[in-house]
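Asks: Dropping in work.txt, which is compact mmCIF, C-alpha atoms:
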# COMPACT_ATOMS: atom_id res chain seq x y z
CA MET A 1 9.72 -16.63 9.73
CA PRO A 2 8.04 -19.42 11.75
CA LYS A 3 6.64 -22.35 9.84
CA LYS A 4 2.95 -22.45 9.03
CA SER A 5 0.73 -25.04 7.38
CA LYS A 6 1.69 -25.50 3.76
CA LYS A 7 -1.56 -24.91 1.89
CA THR A 8 -1.38 -24.06 -1.77
CA ALA A 9 -2.51 -20.52 -2.48
CA SER A 10 -4.09 -21.25 -5.81
CA LYS A 11 -7.66 -20.06 -5.30
CA ASN A 12 -8.89 -16.57 -4.60
CA THR A 13 -11.25 -16.38 -1.62
CA LYS A 14 -13.58 -13.87 -3.29
CA THR A 15 -17.04 -14.98 -4.37
CA PRO A 16 -19.18 -13.60 -7.21
CA ALA A 17 -21.94 -12.60 -4.78
CA ARG A 18 -19.71 -10.10 -3.03
CA VAL A 19 -17.08 -9.05 -5.53
CA ALA A 20 -18.09 -6.94 -8.50
CA ASP A 21 -17.36 -8.36 -11.94
CA GLU A 22 -14.90 -6.01 -13.63
CA ILE A 23 -14.51 -8.17 -16.76
CA SER A 24 -15.85 -6.78 -20.01
CA GLU A 25 -14.71 -9.58 -22.32
CA PRO A 26 -14.94 -13.36 -21.68
CA SER A 27 -11.38 -13.87 -22.91
CA GLN A 28 -10.14 -11.70 -20.05
CA ALA A 29 -11.85 -13.74 -17.35
CA ASP A 30 -9.01 -16.07 -16.36
CA GLU A 31 -6.39 -13.31 -16.30
CA ALA A 32 -8.53 -10.87 -14.36
CA ALA A 33 -10.21 -13.26 -11.93
CA THR A 34 -7.63 -12.40 -9.29
CA GLU A 35 -7.10 -8.78 -10.32
CA ILE A 36 -10.55 -7.37 -9.55
CA PHE A 37 -9.47 -4.69 -7.06
CA SER A 38 -6.33 -3.84 -9.02
CA ARG A 39 -8.38 -3.16 -12.13
CA ALA A 40 -11.11 -1.27 -10.31
CA LEU A 41 -8.79 1.01 -8.33
CA ARG A 42 -5.93 1.68 -10.73
CA TYR A 43 -5.60 5.37 -11.59
CA ARG A 44 -6.21 6.05 -15.27
CA PRO A 45 -4.80 8.88 -17.40
CA GLN A 46 -6.93 12.03 -17.36
CA GLN A 47 -8.90 10.70 -14.38
CA ARG A 48 -9.80 13.48 -11.93
CA LEU A 49 -9.50 12.90 -8.22
CA ALA A 50 -12.47 15.22 -7.65
CA ASP A 51 -14.66 12.87 -9.73
CA ILE A 52 -13.98 9.82 -7.54
CA ASP A 53 -16.59 9.34 -4.83
CA PRO A 54 -14.77 8.75 -1.50
CA ARG A 55 -17.72 6.63 -0.31
CA CYS A 56 -17.89 4.26 -3.28
CA THR A 57 -16.66 0.66 -3.10
CA PRO A 58 -15.08 -0.23 -6.48
CA GLY A 59 -14.73 -3.95 -7.10
CA PHE A 60 -17.01 -4.92 -4.23
CA THR A 61 -20.80 -5.21 -4.11
CA GLY A 62 -21.18 -6.44 -0.53
CA GLY A 63 -21.70 -4.45 2.64
CA LYS A 64 -19.67 -3.88 5.77
CA GLU A 65 -20.16 -7.32 7.32
CA ALA A 66 -19.38 -9.11 4.06
CA GLY A 67 -16.26 -6.95 3.73
CA LYS A 68 -15.08 -7.89 7.20
CA GLU A 69 -15.71 -11.56 6.41
CA LEU A 70 -13.66 -11.40 3.23
CA LEU A 71 -10.89 -9.57 5.10
CA GLY A 72 -10.62 -12.52 7.49
CA GLU A 73 -10.84 -15.14 4.76
CA ALA A 74 -7.82 -13.77 2.91
CA VAL A 75 -5.42 -13.86 5.87
CA GLU A 76 -4.37 -17.50 5.46
CA GLU A 77 -3.66 -17.21 1.74
CA ILE A 78 -1.65 -14.03 2.22
CA GLY A 79 0.31 -15.77 4.98
CA ASP A 80 1.12 -18.68 2.68
CA LEU A 81 2.22 -16.38 -0.14
CA GLN A 82 4.28 -14.30 2.28
CA GLU A 83 6.07 -17.40 3.53
CA ARG A 84 6.73 -18.54 -0.05
CA LEU A 85 8.15 -15.09 -0.86
CA TYR A 86 10.47 -15.31 2.14
CA ALA A 87 11.51 -18.88 1.31
CA ALA A 88 12.17 -18.02 -2.34
CA ALA A 89 14.69 -15.40 -1.20
CA ARG A 90 16.55 -18.10 0.70
CA GLY A 91 16.83 -19.86 -2.64
CA GLY A 92 18.26 -16.79 -4.38
CA SER A 93 15.16 -14.92 -5.54
CA ASN A 94 15.44 -11.14 -5.49
CA ALA A 95 11.67 -10.55 -5.38
CA ARG A 96 10.10 -8.37 -2.69
CA LEU A 97 6.95 -6.31 -2.28
CA LEU A 98 6.62 -2.65 -1.25
CA LEU A 99 3.32 -1.11 -0.14
CA VAL A 100 3.33 2.71 -0.19
CA VAL A 101 0.45 4.35 1.69
CA GLN A 102 -0.35 8.05 1.29
CA GLY A 103 -3.37 10.10 2.31
CA MET A 104 -4.62 13.18 4.07
CA ASP A 105 -4.73 13.30 7.88
CA THR A 106 -7.38 10.90 9.31
CA SER A 107 -7.63 9.05 5.97
CA GLY A 108 -7.02 5.74 7.74
CA LYS A 109 -3.31 5.05 7.36
CA GLY A 110 -3.09 3.87 10.97
CA GLY A 111 -6.02 1.52 10.47
CA ILE A 112 -4.32 -0.01 7.44
CA MET A 113 -1.22 -0.65 9.54
CA ARG A 114 -3.24 -2.29 12.34
CA HIS A 115 -5.95 -4.18 10.46
CA VAL A 116 -4.12 -5.15 7.25
CA VAL A 117 -0.37 -5.11 7.80
CA GLY A 118 -0.93 -6.22 11.39
CA LEU A 119 -2.45 -9.50 10.17
CA MET A 120 0.72 -10.44 8.30
CA ASP A 121 3.72 -12.28 9.75
CA PRO A 122 5.70 -9.46 11.44
CA GLN A 123 9.02 -11.22 10.87
CA GLY A 124 8.57 -10.79 7.12
CA VAL A 125 7.37 -7.17 7.24
CA ASP A 126 9.61 -4.10 7.24
CA LEU A 127 7.53 -1.05 8.25
CA THR A 128 8.89 2.48 7.89
CA SER A 129 7.00 5.60 8.99
CA PHE A 130 8.49 8.67 7.35
CA LYS A 131 8.43 11.80 9.48
CA ALA A 132 9.99 15.21 8.89
CA PRO A 133 13.60 14.73 7.72
CA THR A 134 16.28 14.75 10.39
CA ALA A 135 19.31 17.03 10.23
CA VAL A 136 21.35 14.16 8.80
CA GLU A 137 18.71 13.38 6.17
CA HIS A 138 18.54 17.04 5.18
CA ASN A 139 22.19 16.82 4.17
CA HIS A 140 21.41 14.18 1.55
CA PRO A 141 19.22 14.07 -1.59
CA PHE A 142 15.55 13.50 -0.72
CA LEU A 143 15.57 9.88 -1.92
CA TRP A 144 18.58 8.92 0.22
CA ARG A 145 16.56 7.90 3.26
CA VAL A 146 14.03 6.10 1.08
CA ARG A 147 16.67 3.93 -0.58
CA ARG A 148 17.93 2.91 2.86
CA ALA A 149 14.43 1.77 3.83
CA LEU A 150 13.72 -0.44 0.81
CA PRO A 151 12.78 -4.03 1.72
CA LYS A 152 15.31 -6.81 1.36
CA PRO A 153 14.62 -9.82 -0.89
CA GLY A 154 11.78 -11.90 0.50
CA GLN A 155 10.33 -9.10 2.59
CA VAL A 156 7.13 -7.09 2.40
CA GLY A 157 8.08 -3.45 2.91
CA VAL A 158 5.51 -0.89 4.04
CA PHE A 159 5.91 2.88 3.83
CA ASP A 160 3.55 4.85 6.08
CA ARG A 161 3.93 8.08 4.11
CA SER A 162 6.91 8.10 1.77
CA HIS A 163 9.09 9.96 -0.72
CA TYR A 164 5.88 11.52 -2.02
CA GLU A 165 5.86 13.88 0.94
CA ASP A 166 8.64 15.67 -0.96
CA VAL A 167 6.17 16.67 -3.69
CA LEU A 168 3.14 17.07 -1.41
CA ILE A 169 3.72 18.90 1.88
CA VAL A 170 6.93 20.38 0.47
CA ARG A 171 4.98 21.84 -2.44
CA VAL A 172 1.98 23.04 -0.42
CA HIS A 173 4.14 24.75 2.20
CA ASN A 174 6.73 26.10 -0.26
CA LEU A 175 9.56 24.40 1.62
CA VAL A 176 11.67 24.35 -1.55
CA SER A 177 11.48 26.22 -4.82
CA SER A 178 8.95 25.17 -7.46
CA ALA A 179 11.85 24.32 -9.77
CA THR A 180 13.13 21.86 -7.16
CA TRP A 181 9.90 20.01 -6.45
CA SER A 182 9.00 20.01 -10.14
CA ARG A 183 12.19 18.05 -10.92
CA ARG A 184 11.35 15.48 -8.30
CA TYR A 185 8.53 13.85 -10.28
CA GLY A 186 11.01 12.66 -12.89
CA GLN A 187 13.51 11.65 -10.22
CA ILE A 188 10.84 9.59 -8.49
CA ASN A 189 9.90 7.83 -11.73
CA THR A 190 13.54 6.97 -12.40
CA PHE A 191 13.96 5.74 -8.82
CA GLU A 192 10.87 3.54 -9.00
CA GLU A 193 11.99 2.13 -12.35
CA SER A 194 15.28 1.12 -10.73
CA CYS A 195 13.33 -0.50 -7.88
CA ALA A 196 11.41 -2.61 -10.39
CA LYS A 197 14.66 -3.73 -12.01
CA GLU A 198 15.90 -4.81 -8.58
CA GLY A 199 12.90 -7.09 -8.11
CA ILE A 200 10.60 -4.79 -6.14
CA THR A 201 6.89 -4.95 -6.91
CA MET A 202 5.43 -1.64 -5.75
CA ILE A 203 1.82 -1.00 -4.70
CA LYS A 204 1.17 2.73 -4.34
CA VAL A 205 -2.06 3.52 -2.51
CA MET A 206 -3.68 6.93 -2.15
CA LEU A 207 -6.39 6.84 0.55
CA HIS A 208 -9.03 9.20 -0.84
CA ILE A 209 -11.10 10.79 1.95
CA SER A 210 -13.62 13.62 1.68
CA LYS A 211 -13.23 16.88 3.57
CA GLN A 212 -16.57 16.25 5.30
CA GLU A 213 -15.50 12.82 6.53
CA GLN A 214 -12.19 14.23 7.75
CA GLY A 215 -14.06 16.88 9.73
CA GLU A 216 -16.26 14.22 11.34
CA ARG A 217 -13.27 12.12 12.33
CA LEU A 218 -11.49 15.09 13.85
CA ALA A 219 -14.67 16.03 15.76
CA GLU A 220 -14.89 12.46 17.06
CA ARG A 221 -11.36 12.68 18.40
CA LEU A 222 -12.15 15.94 20.19
CA ALA A 223 -15.35 14.49 21.68
CA ASN A 224 -13.74 11.34 23.10
CA PRO A 225 -11.09 11.58 25.86
CA GLU A 226 -9.79 8.18 24.78
CA LYS A 227 -8.93 9.67 21.39
CA TYR A 228 -7.33 12.93 22.50
CA TRP A 229 -3.95 11.30 21.97
CA LYS A 230 -4.73 10.94 18.26
CA TYR A 231 -5.58 14.62 17.84
CA ASN A 232 -2.99 17.09 16.61
CA PRO A 233 -3.87 20.83 16.55
CA GLY A 234 -1.75 21.06 13.43
CA ASP A 235 -4.36 18.97 11.59
CA ILE A 236 -6.64 22.02 11.50
CA ASP A 237 -3.89 24.12 9.93
CA GLU A 238 -3.38 21.45 7.26
CA ARG A 239 -7.14 21.19 6.75
CA LYS A 240 -7.26 24.86 5.79
CA LEU A 241 -4.97 23.94 2.89
CA TRP A 242 -7.29 21.19 1.64
CA GLU A 243 -7.65 22.47 -1.91
CA ASP A 244 -3.90 22.99 -2.25
CA TYR A 245 -3.32 19.39 -1.20
CA GLN A 246 -5.90 18.13 -3.71
CA VAL A 247 -4.04 19.94 -6.48
CA ALA A 248 -0.75 18.46 -5.26
CA TYR A 249 -2.19 14.94 -5.13
CA GLN A 250 -3.65 15.31 -8.61
CA ALA A 251 -0.21 16.26 -9.91
CA VAL A 252 1.32 13.22 -8.20
CA LEU A 253 -1.21 10.90 -9.82
CA ASP A 254 -0.79 12.49 -13.25
CA LYS A 255 3.00 12.57 -13.22
CA THR A 256 4.04 9.43 -11.34
CA SER A 257 1.47 6.73 -12.14
CA THR A 258 3.45 4.53 -14.52
CA ASP A 259 3.15 1.03 -15.95
CA LEU A 260 5.85 -0.21 -13.59
CA ALA A 261 4.50 1.61 -10.53
CA PRO A 262 0.86 2.65 -10.96
CA TRP A 263 -1.21 4.44 -8.35
CA PHE A 264 -4.32 2.90 -6.84
CA VAL A 265 -6.90 5.39 -5.54
CA VAL A 266 -8.79 3.79 -2.65
CA PRO A 267 -12.01 5.54 -1.55
CA ALA A 268 -11.54 5.88 2.21
CA ASP A 269 -14.70 7.36 3.72
CA ARG A 270 -15.74 3.81 4.63
CA LYS A 271 -12.93 2.47 6.81
CA TRP A 272 -13.94 -1.16 6.36
CA TYR A 273 -13.78 -0.86 2.59
CA ALA A 274 -10.40 0.91 2.54
CA ARG A 275 -8.91 -1.85 4.68
CA LEU A 276 -10.41 -4.56 2.52
CA ALA A 277 -9.26 -2.89 -0.71
CA VAL A 278 -5.65 -2.52 0.44
CA GLN A 279 -5.58 -6.11 1.67
CA GLN A 280 -6.95 -7.37 -1.63
CA LEU A 281 -4.39 -5.32 -3.55
CA LEU A 282 -1.68 -7.02 -1.50
CA LEU A 283 -3.21 -10.42 -2.17
CA GLU A 284 -3.61 -9.85 -5.90
CA HIS A 285 -0.03 -8.64 -6.30
CA LEU A 286 1.38 -11.54 -4.29
CA GLN A 287 -0.65 -13.94 -6.44
CA ALA A 288 0.75 -12.33 -9.58
CA MET A 289 4.30 -12.59 -8.21
CA ASP A 290 3.63 -16.30 -7.59
CA PRO A 291 6.68 -16.98 -5.36
CA GLN A 292 7.88 -20.58 -5.49
CA TRP A 293 9.34 -22.84 -2.84
CA PRO A 294 13.10 -23.14 -3.46
CA ALA A 295 14.60 -26.43 -4.56
CA PRO A 296 16.52 -28.30 -1.83
CA THR A 297 20.29 -27.83 -1.66
CA PHE A 298 20.71 -31.35 -0.31
CA ASP A 299 19.83 -34.94 -1.25
CA VAL A 300 16.35 -35.43 0.23
CA THR A 301 16.44 -39.22 0.02
CA LEU A 302 19.84 -39.39 1.68
CA GLU A 303 18.69 -37.12 4.51
CA GLN A 304 15.58 -39.25 5.03
CA GLU A 305 17.78 -42.32 5.34
CA ARG A 306 20.11 -40.56 7.75
CA LEU A 307 17.13 -39.45 9.84
CA ALA A 308 15.78 -43.01 10.02
CA LEU A 309 19.15 -44.23 11.31
CA SER A 310 19.60 -41.46 13.84
Could you rewrite the structure in this file as structure tokens?
Replies:
Amino acid sequence: MPKKSKKTASKNTKTPARVADEISEPSQADEAATEIFSRALRYRPQQRLADIDPRCTPGFTGGKEAGKELLGEAVEEIGDLQERLYAAARGGSNARLLLVVQGMDTSGKGGIMRHVVGLMDPQGVDLTSFKAPTAVEHNHPFLWRVRRALPKPGQVGVFDRSHYEDVLIVRVHNLVSSATWSRRYGQINTFEESCAKEGITMIKVMLHISKQEQGERLAERLANPEKYWKYNPGDIDERKLWEDYQVAYQAVLDKTSTDLAPWFVVPADRKWYARLAVQQLLLEHLQAMDPQWPAPTFDVTLEQERLALS
């Protein structure tokens, strides 16, 4: 990764006027000051997806312009933390970050890749977009291709769709038996536990869009020749299965949101908010990881003297 200015990432860029206070007890203030979005968006047991308003903005009280401003303010701090993460791996750290993004068609996954991931240093990002399994992948267990795509130490990995397709579209379309996809929840939990032991901090994001908003976005694509390329006739077929997908997503949240790898449900009807929320989740997790610059493997004083004489 190219060198950037070394500014200490010790302060969160959020201000009280724009970020909602999620703290209920004064003693929690210091710990939660940089976990506002994580606390507001984390899926809780018995929570119902249908009860979450796709247009709400948990953790944030500002409007669109304030959200865009905060999005820009956080870029430098994320860049510093990303560089520290990369440098720490050079010193032997096994830490890495993995962002998993799931959501219905038109929920804004592409926008997250462009406006959030796209603002990070590309040399430290490993992006994988999971499509339908290839013939080779079909000959292996469903997690085989996912293991191969995990980020290396020091990297920020990003999954645009993921292993969760194997309990979502596979379930809705009956591509395997119910006994098979039912077993996969436990296999996924075991897999993600092993990832945590290997030093992977996982952020699992479900972009929660309403059926009405999806319809409007599809209509916009059909009305604009410049967006025809984004339209897929198959999206209408999937849209007809909306309720089945909501049931499948609810099962995913209930069965695979764990202490080591919780789900974060991001309301996605407002594109600007979804992008801000995912960026802030990245920032808060990087802050919690607190990667450190590695100690030198050489005598600094000696090298300074050698440089002066060169």
Asks: Write out as a VMD selection string each polymer residue whose atoms come within 8 Å of A:Val167, counting all atoms listed in the file; drop sequence neighbours fewer than 2 positions from it.
Replies: chain A and resid 163 to 165 169 to 171 181 to 182 184 to 185 248 252
Asks: Mind checking which residues fall within 12 Å of A:Gln212, counting all atoms listed in the file, ignoring those fewer than 6 positions away in the same chain, and posting them as a ChimeraX atom specification?
Replies: /A:54-55,106-107,218-219,239,242,268-269
Asks: Between A:Ile203, A:Glu192, A:Val158, A:Arg183, which has the minimum distance to A:Leu286 (counting all atoms listed in the file)?
Replies: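 Looking at the shortest contact to A:Leu286, the residue is A:Ile203.
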Asks: Go through A:Lys255, A:His208, A:Arg161, A:Lys68 and flag the residue nearest A:Ala50, using all atoms listed in the file for the distances.
Replies: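 Going through A:Lys255, A:His208, A:Arg161, A:Lys68 one by one, the smallest distance to A:Ala50 is for A:His208.
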Asks: Please list as a ChimeraX atom specification every residue within 12 Å of A:Ile236, counting all atoms listed in the file and excluding residues in the same chain fewer than 2 positions away.
Replies: /A:104-106,211,214-215,217-219,222,231-234,238-242
Asks: Please report the interatomic distance between atom CA of A:Glu193 and atom CA of A:Leu260 in Å with one decimal.
Replies: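 Rounded to one decimal, the two atoms are 6.7 Å apart.
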